[in-house]
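Heads up: the structure comes next, in C-alpha cells.
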Amino acid sequence: MILTQSGAACSTIIVGNQATWLDMHTASELQSYIQKISGATLLIVKEQDAHVMSGGRILIGRPSTCRMIRDFAMQESVLPEQSDTDNDCIAIVVRGSTMVLSGSNDRSVHYSACHLLQTVFSVGFYSDGDSWAHNPDMAVEDRTFVERSPFRFRHTVGQWVYNFGAFLNGDERKRELDMYARNKINSYRFYTWNTYVRKRTFQKMGVKTEPITREDLVRMEAVRETAAYARSLGIDTMVQMMIQETSLEFRKAYPDARYFGCEWVKDDENEPDTVPFLYPDDPLYKTLVKTFVQTWIETYGPCRHFTACPPSEHHISTDIEDFIQINLDFARYTYEAIREVVPDGRLFFDGWGVRANTPPSIWTMPGVMQRFVDALPEEVYFLDLWPNRKETDSTFREPMFRDETYGPLHRARYILEPLNEFGGDDHLHGEFERHIQAARQMLDPTVVEHGEGFGNCTELCGTSVHFFDLIFRLAWDPARVTTADFLEDTAKRRYGLADQTIAVKALEALQQAVYSERDSSHARYQKRCYLSRPQRRLVPIAESMEVAELLDRYMELMSSLPEAQKTVFVGRDMFDVMRQYITEYFNMHLRSLFEGFLSRGAQQEPEKMFRSHAVLLEQLLDLLEQMLREDPESYVETMVRRYQGRPGDPDVSGTDCNPQDFRRWMRDMGTTFAETIPNLIDYPSRDYYELVRDYYHPRIRSCILQLQELLNDGGAASAPEVDRMLEQHYQTVEQHWIREGYAVTDECEYAHLPLWRAAERAWRTLRLLPLKSGLDSTEKQGSASGMIDVFASFSENKQEPGRRGWVSENPFAKKDG
C-alpha cells in the first residue's frame, strides 16, 4: 500500500462516524508524522465522505466506531474482540490499498498507529524528543499484525520525584504524557504532595488546617488538566495516597482514636522524633482514606488506581508483633476503604516501604512475608521498586521475588518497577540483559505467579534515554526484545542513519561499557569526597579502565560519521558519553590520589605522585565546564528562567515549591539539598555548568589543598581526622553556594556549539593528556575503597547485626486512668 510518493499524498485517513476523541487524536497524530517524514499531508475524512476519495485508505477505529472497519472485520476475521478488561491488543492489517489500525479498546487503536510509526517508519519517541528520517515514498506491505501485551499494567512514575518537576505547566505535562502514550504506557502515577486535596480532606473531617491559597488553586488546576488529558489518552492515573501521619489538630478533633508513633526515613544519627499515625484497624482510618479518595475524585475526576506506602519502621513506638499486624492491616483496610468509594478500585502496595528502612527489617523475620502475602486482598498489587545499581554484596541488586527472604512474594500480584537511580539520574548505566531477563521472568508463572505489570520510575529530573527506551519496549512484550535487536533498532530510530554499520558498532561498545555487567561510575565530584566515611561504591580501577576504553571506542566511531549525520540525538548521546568518560578518569585519579595520600608515610616522593593526580583532576573538571557551557540545558540559569514564577505543588519531601527567591531555591532544592535536606546532601547529583564551576569544582579544589597541606606529616593525621577537616571546607563551599550562588549572566541564551562538536572537542583534548599515568589497576585495597552509599538500602542477607530504631514506649497510646 502506497501512503505517499515523491512527497505527495496517495492515501486518505478515514475515521468512523462514531469516532471517539482518541480516534480523532490518532488520525491527527498519524497525519502529523506522515507530513514530517514525507512532506505530504494526508486528508482526514469521516467514513460518510470516503466514497469520493481516491487512492489508499487508512481506516482508524474499531468495529463499534467505524462501519467500514466492521465490514472489513466480517470479511477478515483477524481483528481482536473488543474488551475493556483484557490486556491491550493492537492490530495493524494491510490488504492491498486498505490499512486498518484497530485494537481491543480505545487506547489500543492509538497504540496501533504509534506502533506502525515505530516499527515500519522508524520513528523514535524519546524523552528528549521525537526522531524520524525523511522519506518521501512511504509504503506498507500487506501484513496481519495482531499482538496483545502480556502485561496488564505498563507503568511509569510521572512528573519526576523531587526537584523542579513540580513546576511543569499544562503543555509540558501533556508532552510528557504524549511520550508515554506513544510508547504504549497505560499507567501513570502522580507524585506530588496533593496540597489542595490534603487540606480539603482535613477540612471535611473538621480538622483545622492552613487555608487554601491562590497558589493551591492554580496547582490544583494544573493537576486537574493533567489528569483529564491522561484519561483522554486512555492512561489510568495512579494516585499517591496522602501519608498517614496526623497532626496535633487532628488528635484534638479525634482524641479517642488509636495512634502509634512512627517516623519515615531520616538521619540515623538523630534521636527518634515520632509523629502520630492512626492504627489501620481503627474505624477512623478508613474514614480518613475514604474522605481522601472522595475528595480526589471530586477534584480531579474518575480514578480507580491508588498507591500507598506502609508506615516506616525506621523509628516506631510500638512492639514488633504490633507493628507486624499494623502492616498486614494497612493493606487490608486501605483496600477496603478505597473499594467502598470506588467498587472496582485497585490498591498498589508500594514495596519501597518493604525494601527500605533496614537493617534489620520486620519483613525478613521468619514467616512475616508469608503472613503478608496470605493476607493480601484480591485486587492489591505489590509494586517492587527495583534499584538498578551495583553497590556492594550487602546491598539490593535483584527484584525482591528473587530474594529467598521475600520468597512468598512470587505468589502476589506483582508489578516490577525498575528505577534508574536513587538520586540523580546523571550517569549512564542500566544492565540491559538483567532487565530483559527480569521482564521475562515476570511472565513465567514458575517464577512469578501473577506478573501483572512492568514499567519504570524516574527520580529527580533526568532519565537515561537508552535505558528507559528499553523499559518501554519490555513493558509491551519482553519476548520480542533482545539486546542486539534493540541496539540495531536504536541506531535506526534514534540516529536515523541510512548506513547503520558504524552506529551499531558504536552502540555495541556503549552497551558493553555502561549497559552491561560492568559498573559505570557515579561522578564523585558531585558528592562530598572522604577518605574513610561511607560513600558510593568505588568501581575497581581495572573495571573503570575497561569502561573508559569502550566509551573511547564509541566516540571514535561516532566522530567518524559525516557531519550531516550528526543529528541532535547523536550529539546528545556523544555529550553524555563524554561526561561519563570524564567521570571514569576523574574517579580513577581521585581514588589513586586518596590511596597515595593514605600511604604517604611510606612513600619516598609523595609530592610528585600527589601533584600528577591533582593536576589531572583539575584539568578534567576544566574540560567538563567547557563542554557544559555549550549546552543550554546544562545551565542552572536556564532552569531558573524557565520555571520561576510558576506555582508548583510541593514534592514528596513536603518542601515548599512556591519560593520567593527562585534562584536560591534552585541552588538548594533544585541542585543540592544543601540547606533544606542536609542529611541527603547532593542527592540530586546532576551536572550544570554553574554548579560544576562554583560548587563541585571548588569543593574538590579545597579537598586537594587540604590534603596537600598534610602531605608531609608522615601520616600523623588519621583518615577520620582528615575527613573532619574536609567536612569544614565542604560546608564553607556549600554555604557560599546557597548564600551567594553564581554570577547571573545571559550566557545560557547565547549561540552554542552543536553538542556533538562540543563533545568531540573535549574528547580530542583529553586524548592529549596522560590520563592513564599513575593508575594502578592491581587494586591495593586501602581504606578508601569498598564503601557503601549512605542512602543505599541494605540487604536482608547482611550478617552483621544492625541497630533497630524501636522506641520503647508509644507516646500516643491511651493511658488507663
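How things are named: the first chain in the C-alpha cells is A, the next is B, and so on; residues count from 1 in each chain; ligands count from 1 in the order shown.
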*Excluding same-chain residues fewer than 6 positions from range 28-34 of chain A, what lies within 10 Å of it counting only C-alpha atoms, as number ranges by chain?*
A: 3-4, 7, 9, 12-13, 22, 40-44, 58, 60, 110, 113-114, 116-117, 121, 123, 130, 132, 134-136, 138, 182
Mind writing the picked residues with N, CA and C atoms as a PDB file, in the first residue's frame?
```pdb
ATOM      1  N   LEU A   3       1.419   5.085   0.727  1.00  0.00           N
ATOM      2  CA  LEU A   3       0.888   6.206   1.507  1.00  0.00           C
ATOM      3  C   LEU A   3       1.251   7.530   0.850  1.00  0.00           C
ATOM      4  N   THR A   4       2.523   7.663   0.471  1.00  0.00           N
ATOM      5  CA  THR A   4       2.988   8.880  -0.200  1.00  0.00           C
ATOM      6  C   THR A   4       3.961   8.484  -1.296  1.00  0.00           C
ATOM      7  N   GLY A   7       6.768  12.682  -2.133  1.00  0.00           N
ATOM      8  CA  GLY A   7       6.310  13.759  -1.266  1.00  0.00           C
ATOM      9  C   GLY A   7       4.875  14.180  -1.486  1.00  0.00           C
ATOM     10  N   ALA A   9       0.642  13.049  -1.353  1.00  0.00           N
ATOM     11  CA  ALA A   9      -0.275  12.133  -0.674  1.00  0.00           C
ATOM     12  C   ALA A   9      -0.901  11.168  -1.665  1.00  0.00           C
ATOM     13  N   THR A  12      -5.783   8.337   2.055  1.00  0.00           N
ATOM     14  CA  THR A  12      -6.634   9.165   2.902  1.00  0.00           C
ATOM     15  C   THR A  12      -6.828   8.474   4.245  1.00  0.00           C
ATOM     16  N   ILE A  13      -6.823   9.250   5.307  1.00  0.00           N
ATOM     17  CA  ILE A  13      -7.097   8.728   6.653  1.00  0.00           C
ATOM     18  C   ILE A  13      -8.599   8.835   6.897  1.00  0.00           C
ATOM     19  N   LEU A  22     -10.250   9.903  20.964  1.00  0.00           N
ATOM     20  CA  LEU A  22      -8.931   9.298  20.784  1.00  0.00           C
ATOM     21  C   LEU A  22      -8.750   8.782  19.358  1.00  0.00           C
ATOM     22  N   ALA A  40       4.196  15.188   2.810  1.00  0.00           N
ATOM     23  CA  ALA A  40       2.832  15.124   2.279  1.00  0.00           C
ATOM     24  C   ALA A  40       1.820  15.222   3.416  1.00  0.00           C
ATOM     25  N   THR A  41       0.696  15.883   3.142  1.00  0.00           N
ATOM     26  CA  THR A  41      -0.378  15.988   4.132  1.00  0.00           C
ATOM     27  C   THR A  41      -1.561  15.140   3.673  1.00  0.00           C
ATOM     28  N   LEU A  42      -1.820  14.050   4.407  1.00  0.00           N
ATOM     29  CA  LEU A  42      -2.954  13.199   4.092  1.00  0.00           C
ATOM     30  C   LEU A  42      -4.226  13.817   4.660  1.00  0.00           C
ATOM     31  N   LEU A  43      -5.304  13.750   3.905  1.00  0.00           N
ATOM     32  CA  LEU A  43      -6.579  14.259   4.381  1.00  0.00           C
ATOM     33  C   LEU A  43      -7.183  13.311   5.410  1.00  0.00           C
ATOM     34  N   ILE A  44      -7.914  13.876   6.368  1.00  0.00           N
ATOM     35  CA  ILE A  44      -8.684  13.099   7.332  1.00  0.00           C
ATOM     36  C   ILE A  44     -10.158  13.336   7.039  1.00  0.00           C
ATOM     37  N   ILE A  58      -6.695   4.486   4.924  1.00  0.00           N
ATOM     38  CA  ILE A  58      -6.210   4.114   6.258  1.00  0.00           C
ATOM     39  C   ILE A  58      -7.391   4.248   7.208  1.00  0.00           C
ATOM     40  N   ILE A  60      -9.190   4.026  10.740  1.00  0.00           N
ATOM     41  CA  ILE A  60      -8.799   4.125  12.148  1.00  0.00           C
ATOM     42  C   ILE A  60     -10.030   3.963  13.028  1.00  0.00           C
ATOM     43  N   HIS A 110      -4.901   3.810  19.271  1.00  0.00           N
ATOM     44  CA  HIS A 110      -3.799   4.781  19.275  1.00  0.00           C
ATOM     45  C   HIS A 110      -2.461   4.064  19.294  1.00  0.00           C
ATOM     46  N   ALA A 113      -1.381   2.828  15.782  1.00  0.00           N
ATOM     47  CA  ALA A 113      -0.783   3.841  14.910  1.00  0.00           C
ATOM     48  C   ALA A 113       0.645   4.153  15.339  1.00  0.00           C
ATOM     49  N   CYS A 114       0.876   4.268  16.641  1.00  0.00           N
ATOM     50  CA  CYS A 114       2.224   4.561  17.136  1.00  0.00           C
ATOM     51  C   CYS A 114       3.171   3.406  16.851  1.00  0.00           C
ATOM     52  N   LEU A 116       2.937   1.303  14.365  1.00  0.00           N
ATOM     53  CA  LEU A 116       3.236   1.372  12.944  1.00  0.00           C
ATOM     54  C   LEU A 116       4.356   2.370  12.680  1.00  0.00           C
ATOM     55  N   LEU A 117       4.267   3.554  13.298  1.00  0.00           N
ATOM     56  CA  LEU A 117       5.288   4.577  13.088  1.00  0.00           C
ATOM     57  C   LEU A 117       6.638   4.109  13.603  1.00  0.00           C
ATOM     58  N   PHE A 121       8.222   2.807  10.094  1.00  0.00           N
ATOM     59  CA  PHE A 121       8.818   4.056   9.626  1.00  0.00           C
ATOM     60  C   PHE A 121       9.893   4.592  10.564  1.00  0.00           C
ATOM     61  N   VAL A 123      10.186   5.757  13.594  1.00  0.00           N
ATOM     62  CA  VAL A 123      10.026   6.956  14.408  1.00  0.00           C
ATOM     63  C   VAL A 123      10.405   6.612  15.846  1.00  0.00           C
ATOM     64  N   ASP A 130      11.295  13.602  19.617  1.00  0.00           N
ATOM     65  CA  ASP A 130      10.961  12.593  18.611  1.00  0.00           C
ATOM     66  C   ASP A 130      12.007  12.609  17.500  1.00  0.00           C
ATOM     67  N   TRP A 132      12.965  11.028  13.490  1.00  0.00           N
ATOM     68  CA  TRP A 132      12.483  10.361  12.288  1.00  0.00           C
ATOM     69  C   TRP A 132      13.423  10.715  11.132  1.00  0.00           C
ATOM     70  N   HIS A 134      13.742  11.458   6.920  1.00  0.00           N
ATOM     71  CA  HIS A 134      12.945  11.909   5.775  1.00  0.00           C
ATOM     72  C   HIS A 134      12.778  10.777   4.770  1.00  0.00           C
ATOM     73  N   ASN A 135      11.544  10.605   4.322  1.00  0.00           N
ATOM     74  CA  ASN A 135      11.237   9.550   3.352  1.00  0.00           C
ATOM     75  C   ASN A 135      10.028   9.991   2.535  1.00  0.00           C
ATOM     76  N   PRO A 136      10.230  10.484   1.305  1.00  0.00           N
ATOM     77  CA  PRO A 136       9.101  10.973   0.501  1.00  0.00           C
ATOM     78  C   PRO A 136       8.218   9.859  -0.044  1.00  0.00           C
ATOM     79  N   MET A 138       6.518   6.685   1.174  1.00  0.00           N
ATOM     80  CA  MET A 138       6.107   5.849   2.299  1.00  0.00           C
ATOM     81  C   MET A 138       5.142   4.773   1.802  1.00  0.00           C
ATOM     82  N   ARG A 182       2.610   7.227  23.440  1.00  0.00           N
ATOM     83  CA  ARG A 182       3.146   6.752  22.166  1.00  0.00           C
ATOM     84  C   ARG A 182       4.030   5.523  22.340  1.00  0.00           C
TER      85      ARG A 182
END
```
Quiz prompt | Shell around Gly16 in chain A at 6 Å using only C-alpha atoms, local window under 2 positions removed, as a ChimeraX atom specification | solution = /A:18-19,46-47,65-66
Pull all heavy atoms from the residues just selected and write them as an mmCIF file, in the first residue's frame.
```cif
data_model
loop_
_atom_site.group_PDB
_atom_site.id
_atom_site.type_symbol
_atom_site.label_atom_id
_atom_site.label_comp_id
_atom_site.auth_asym_id
_atom_site.auth_seq_id
_atom_site.Cartn_x
_atom_site.Cartn_y
_atom_site.Cartn_z
ATOM 1 N N GLN A 18 -18.827 7.305 14.245
ATOM 2 C CA GLN A 18 -18.924 7.258 15.708
ATOM 3 C C GLN A 18 -17.537 7.371 16.353
ATOM 4 O O GLN A 18 -17.335 6.895 17.466
ATOM 5 C CB GLN A 18 -19.592 5.941 16.146
ATOM 6 C CG GLN A 18 -20.955 5.688 15.525
ATOM 7 C CD GLN A 18 -21.947 6.773 15.886
ATOM 8 O OE1 GLN A 18 -22.000 7.205 17.036
ATOM 9 N NE2 GLN A 18 -22.728 7.221 14.906
ATOM 10 N N ALA A 19 -16.613 7.979 15.654
ATOM 11 C CA ALA A 19 -15.230 8.063 16.144
ATOM 12 C C ALA A 19 -15.163 8.725 17.518
ATOM 13 O O ALA A 19 -15.862 9.708 17.785
ATOM 14 C CB ALA A 19 -14.376 8.843 15.152
ATOM 15 N N LYS A 46 -14.386 11.706 7.465
ATOM 16 C CA LYS A 46 -15.324 10.761 8.068
ATOM 17 C C LYS A 46 -15.716 9.723 7.018
ATOM 18 O O LYS A 46 -15.707 9.990 5.809
ATOM 19 C CB LYS A 46 -16.567 11.485 8.577
ATOM 20 C CG LYS A 46 -16.340 12.324 9.831
ATOM 21 C CD LYS A 46 -16.153 11.415 11.050
ATOM 22 C CE LYS A 46 -16.059 12.201 12.349
ATOM 23 N NZ LYS A 46 -17.360 12.735 12.780
ATOM 24 N N GLU A 47 -16.106 8.545 7.465
ATOM 25 C CA GLU A 47 -16.392 7.452 6.544
ATOM 26 C C GLU A 47 -17.552 7.775 5.597
ATOM 27 O O GLU A 47 -17.621 7.260 4.479
ATOM 28 C CB GLU A 47 -16.680 6.164 7.308
ATOM 29 C CG GLU A 47 -17.858 6.225 8.258
ATOM 30 C CD GLU A 47 -18.059 4.893 8.980
ATOM 31 O OE1 GLU A 47 -17.751 3.843 8.399
ATOM 32 O OE2 GLU A 47 -18.519 4.910 10.131
ATOM 33 N N THR A 65 -16.996 1.704 16.259
ATOM 34 C CA THR A 65 -16.926 3.144 15.971
ATOM 35 C C THR A 65 -16.851 3.456 14.486
ATOM 36 O O THR A 65 -16.955 4.618 14.103
ATOM 37 C CB THR A 65 -15.688 3.772 16.663
ATOM 38 O OG1 THR A 65 -14.494 3.219 16.102
ATOM 39 C CG2 THR A 65 -15.715 3.535 18.165
ATOM 40 N N CYS A 66 -16.655 2.419 13.665
ATOM 41 C CA CYS A 66 -16.484 2.653 12.224
ATOM 42 C C CYS A 66 -17.132 1.517 11.437
ATOM 43 O O CYS A 66 -16.718 0.350 11.547
ATOM 44 C CB CYS A 66 -14.997 2.757 11.878
ATOM 45 S SG CYS A 66 -14.653 3.030 10.127
#
```
With distances taken over only C-alpha atoms, the candidate from A:Asp668, A:Glu605, A:Ala743, A:Asp426 nearest Asp687 in chain A is A:Asp426
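Here CA of Tyr585 in chain A is placed at a distance of 17.0 Å from CA of Arg761 in chain A.
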Contact residues around Trp363 in chain A with only C-alpha atoms at 12 Å, ignoring same-chain residues under 2 positions, as a ChimeraX atom specification:
/A:310,312-313,320-321,323-325,327-328,351-361,365-373,400,403-409,795-796
Would you output that residue set with N, CA, C and O atoms, as a short mmCIF file (atom, residue, chain, number, x, y, z; two decimals), in the first residue's frame?
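File part_2.cif, as written:
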```
data_model
loop_
_atom_site.label_atom_id
_atom_site.label_comp_id
_atom_site.auth_asym_id
_atom_site.auth_seq_id
_atom_site.Cartn_x
_atom_site.Cartn_y
_atom_site.Cartn_z
N PRO A 310 3.42 1.62 53.21
CA PRO A 310 3.12 1.32 54.62
C PRO A 310 3.95 2.17 55.56
O PRO A 310 4.96 2.75 55.16
N SER A 312 6.67 3.45 58.10
CA SER A 312 8.07 3.11 58.18
C SER A 312 8.40 2.52 59.55
O SER A 312 7.86 2.93 60.56
N GLU A 313 9.32 1.56 59.55
CA GLU A 313 9.79 1.03 60.82
C GLU A 313 11.10 1.68 61.24
O GLU A 313 11.75 1.23 62.18
N ILE A 320 7.13 -5.25 68.31
CA ILE A 320 7.33 -5.83 66.99
C ILE A 320 6.06 -6.50 66.47
O ILE A 320 5.65 -6.27 65.33
N GLU A 321 5.42 -7.31 67.28
CA GLU A 321 4.22 -8.00 66.81
C GLU A 321 3.12 -7.02 66.44
O GLU A 321 2.41 -7.20 65.46
N PHE A 323 3.57 -4.03 65.33
CA PHE A 323 3.92 -3.37 64.08
C PHE A 323 3.74 -4.30 62.88
O PHE A 323 3.36 -3.86 61.80
N ILE A 324 4.01 -5.59 63.08
CA ILE A 324 3.73 -6.55 62.01
C ILE A 324 2.25 -6.51 61.66
O ILE A 324 1.87 -6.43 60.48
N GLN A 325 1.41 -6.53 62.68
CA GLN A 325 -0.03 -6.52 62.43
C GLN A 325 -0.47 -5.21 61.79
O GLN A 325 -1.36 -5.19 60.93
N ASN A 327 1.19 -3.50 59.61
CA ASN A 327 1.47 -3.60 58.18
C ASN A 327 0.52 -4.54 57.46
O ASN A 327 0.13 -4.29 56.33
N LEU A 328 0.14 -5.63 58.11
CA LEU A 328 -0.84 -6.52 57.50
C LEU A 328 -2.19 -5.82 57.37
O LEU A 328 -2.85 -5.90 56.33
N GLY A 351 6.15 -1.16 47.46
CA GLY A 351 7.16 -2.00 48.10
C GLY A 351 8.36 -1.26 48.63
O GLY A 351 9.22 -1.87 49.28
N TRP A 352 8.44 0.06 48.37
CA TRP A 352 9.56 0.83 48.90
C TRP A 352 9.57 0.77 50.43
O TRP A 352 10.64 0.71 51.05
N GLY A 353 8.40 0.73 51.04
CA GLY A 353 8.34 0.63 52.49
C GLY A 353 8.83 -0.71 53.01
O GLY A 353 9.14 -0.86 54.19
N VAL A 354 8.88 -1.71 52.12
CA VAL A 354 9.40 -3.03 52.49
C VAL A 354 10.90 -3.08 52.22
O VAL A 354 11.69 -3.56 53.02
N ARG A 355 11.29 -2.53 51.08
CA ARG A 355 12.70 -2.60 50.67
C ARG A 355 13.58 -1.69 51.51
O ARG A 355 14.74 -1.99 51.77
N ALA A 356 13.06 -0.56 51.93
CA ALA A 356 13.86 0.40 52.68
C ALA A 356 13.77 0.14 54.19
O ALA A 356 13.27 -0.88 54.63
N ASN A 357 14.28 1.08 54.95
CA ASN A 357 14.16 1.08 56.41
C ASN A 357 14.84 -0.11 57.07
O ASN A 357 14.32 -0.70 58.00
N THR A 358 15.95 -0.52 56.56
CA THR A 358 16.70 -1.61 57.12
C THR A 358 18.11 -1.11 57.33
O THR A 358 18.49 -0.07 56.78
N PRO A 359 19.00 -1.78 58.06
CA PRO A 359 18.80 -3.07 58.70
C PRO A 359 18.31 -2.95 60.13
O PRO A 359 18.49 -1.89 60.71
N PRO A 360 17.85 -4.05 60.74
CA PRO A 360 17.21 -5.15 60.03
C PRO A 360 15.75 -4.81 59.80
O PRO A 360 15.36 -3.67 60.06
N SER A 361 14.94 -5.72 59.38
CA SER A 361 13.58 -5.40 58.98
C SER A 361 12.62 -6.45 59.47
O SER A 361 12.94 -7.64 59.53
N MET A 365 11.91 -11.25 59.05
CA MET A 365 11.69 -12.20 60.13
C MET A 365 10.93 -13.42 59.60
O MET A 365 10.04 -13.29 58.76
N PRO A 366 11.28 -14.60 60.07
CA PRO A 366 10.64 -15.82 59.56
C PRO A 366 9.11 -15.75 59.64
O PRO A 366 8.55 -15.42 60.69
N GLY A 367 8.49 -16.00 58.50
CA GLY A 367 7.04 -16.09 58.47
C GLY A 367 6.30 -14.79 58.21
O GLY A 367 5.11 -14.81 57.87
N VAL A 368 6.97 -13.64 58.36
CA VAL A 368 6.27 -12.36 58.23
C VAL A 368 5.80 -12.15 56.79
O VAL A 368 4.65 -11.78 56.54
N MET A 369 6.69 -12.36 55.82
CA MET A 369 6.30 -12.15 54.42
C MET A 369 5.21 -13.12 54.00
O MET A 369 4.30 -12.76 53.24
N GLN A 370 5.27 -14.35 54.53
CA GLN A 370 4.21 -15.32 54.22
C GLN A 370 2.87 -14.83 54.76
O GLN A 370 1.85 -14.91 54.07
N ARG A 371 2.87 -14.30 55.98
CA ARG A 371 1.64 -13.76 56.56
C ARG A 371 1.11 -12.60 55.71
O ARG A 371 -0.10 -12.48 55.48
N PHE A 372 2.01 -11.77 55.24
CA PHE A 372 1.61 -10.62 54.44
C PHE A 372 0.95 -11.06 53.15
O PHE A 372 -0.14 -10.58 52.78
N VAL A 373 1.58 -11.98 52.42
CA VAL A 373 1.03 -12.42 51.14
C VAL A 373 -0.29 -13.15 51.35
O VAL A 373 -1.25 -12.95 50.59
N MET A 400 12.73 -8.27 44.38
CA MET A 400 12.52 -8.99 45.63
C MET A 400 12.02 -10.41 45.44
O MET A 400 12.23 -11.26 46.29
N ASP A 403 14.76 -12.89 45.94
CA ASP A 403 15.42 -12.99 47.24
C ASP A 403 14.74 -14.06 48.08
O ASP A 403 13.52 -14.05 48.24
N GLU A 404 15.52 -14.98 48.65
CA GLU A 404 14.93 -16.06 49.44
C GLU A 404 14.08 -15.52 50.58
O GLU A 404 13.04 -16.06 50.93
N THR A 405 14.53 -14.41 51.17
CA THR A 405 13.81 -13.83 52.29
C THR A 405 12.39 -13.43 51.89
O THR A 405 11.46 -13.54 52.67
N TYR A 406 12.26 -12.96 50.67
CA TYR A 406 10.97 -12.48 50.19
C TYR A 406 10.25 -13.50 49.32
O TYR A 406 9.33 -13.16 48.58
N GLY A 407 10.67 -14.75 49.40
CA GLY A 407 10.14 -15.79 48.54
C GLY A 407 8.64 -15.79 48.35
O GLY A 407 8.15 -15.95 47.23
N PRO A 408 7.85 -15.65 49.43
CA PRO A 408 6.39 -15.70 49.25
C PRO A 408 5.85 -14.64 48.29
O PRO A 408 4.73 -14.79 47.79
N LEU A 409 6.62 -13.58 48.04
CA LEU A 409 6.11 -12.53 47.15
C LEU A 409 5.84 -13.04 45.73
O LEU A 409 5.07 -12.42 44.99
N SER A 795 20.82 -5.10 52.38
CA SER A 795 20.28 -6.42 52.11
C SER A 795 19.90 -7.12 53.38
O SER A 795 20.53 -6.98 54.43
N GLU A 796 18.86 -7.91 53.28
CA GLU A 796 18.46 -8.72 54.43
C GLU A 796 19.40 -9.90 54.65
O GLU A 796 19.32 -10.59 55.64
#
```
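Checking A:Asp171, A:Glu721, A:Asp573, A:Pro754 one by one against Asp631 in chain A, counting only C-alpha atoms, you find the shortest gap at A:Pro754.
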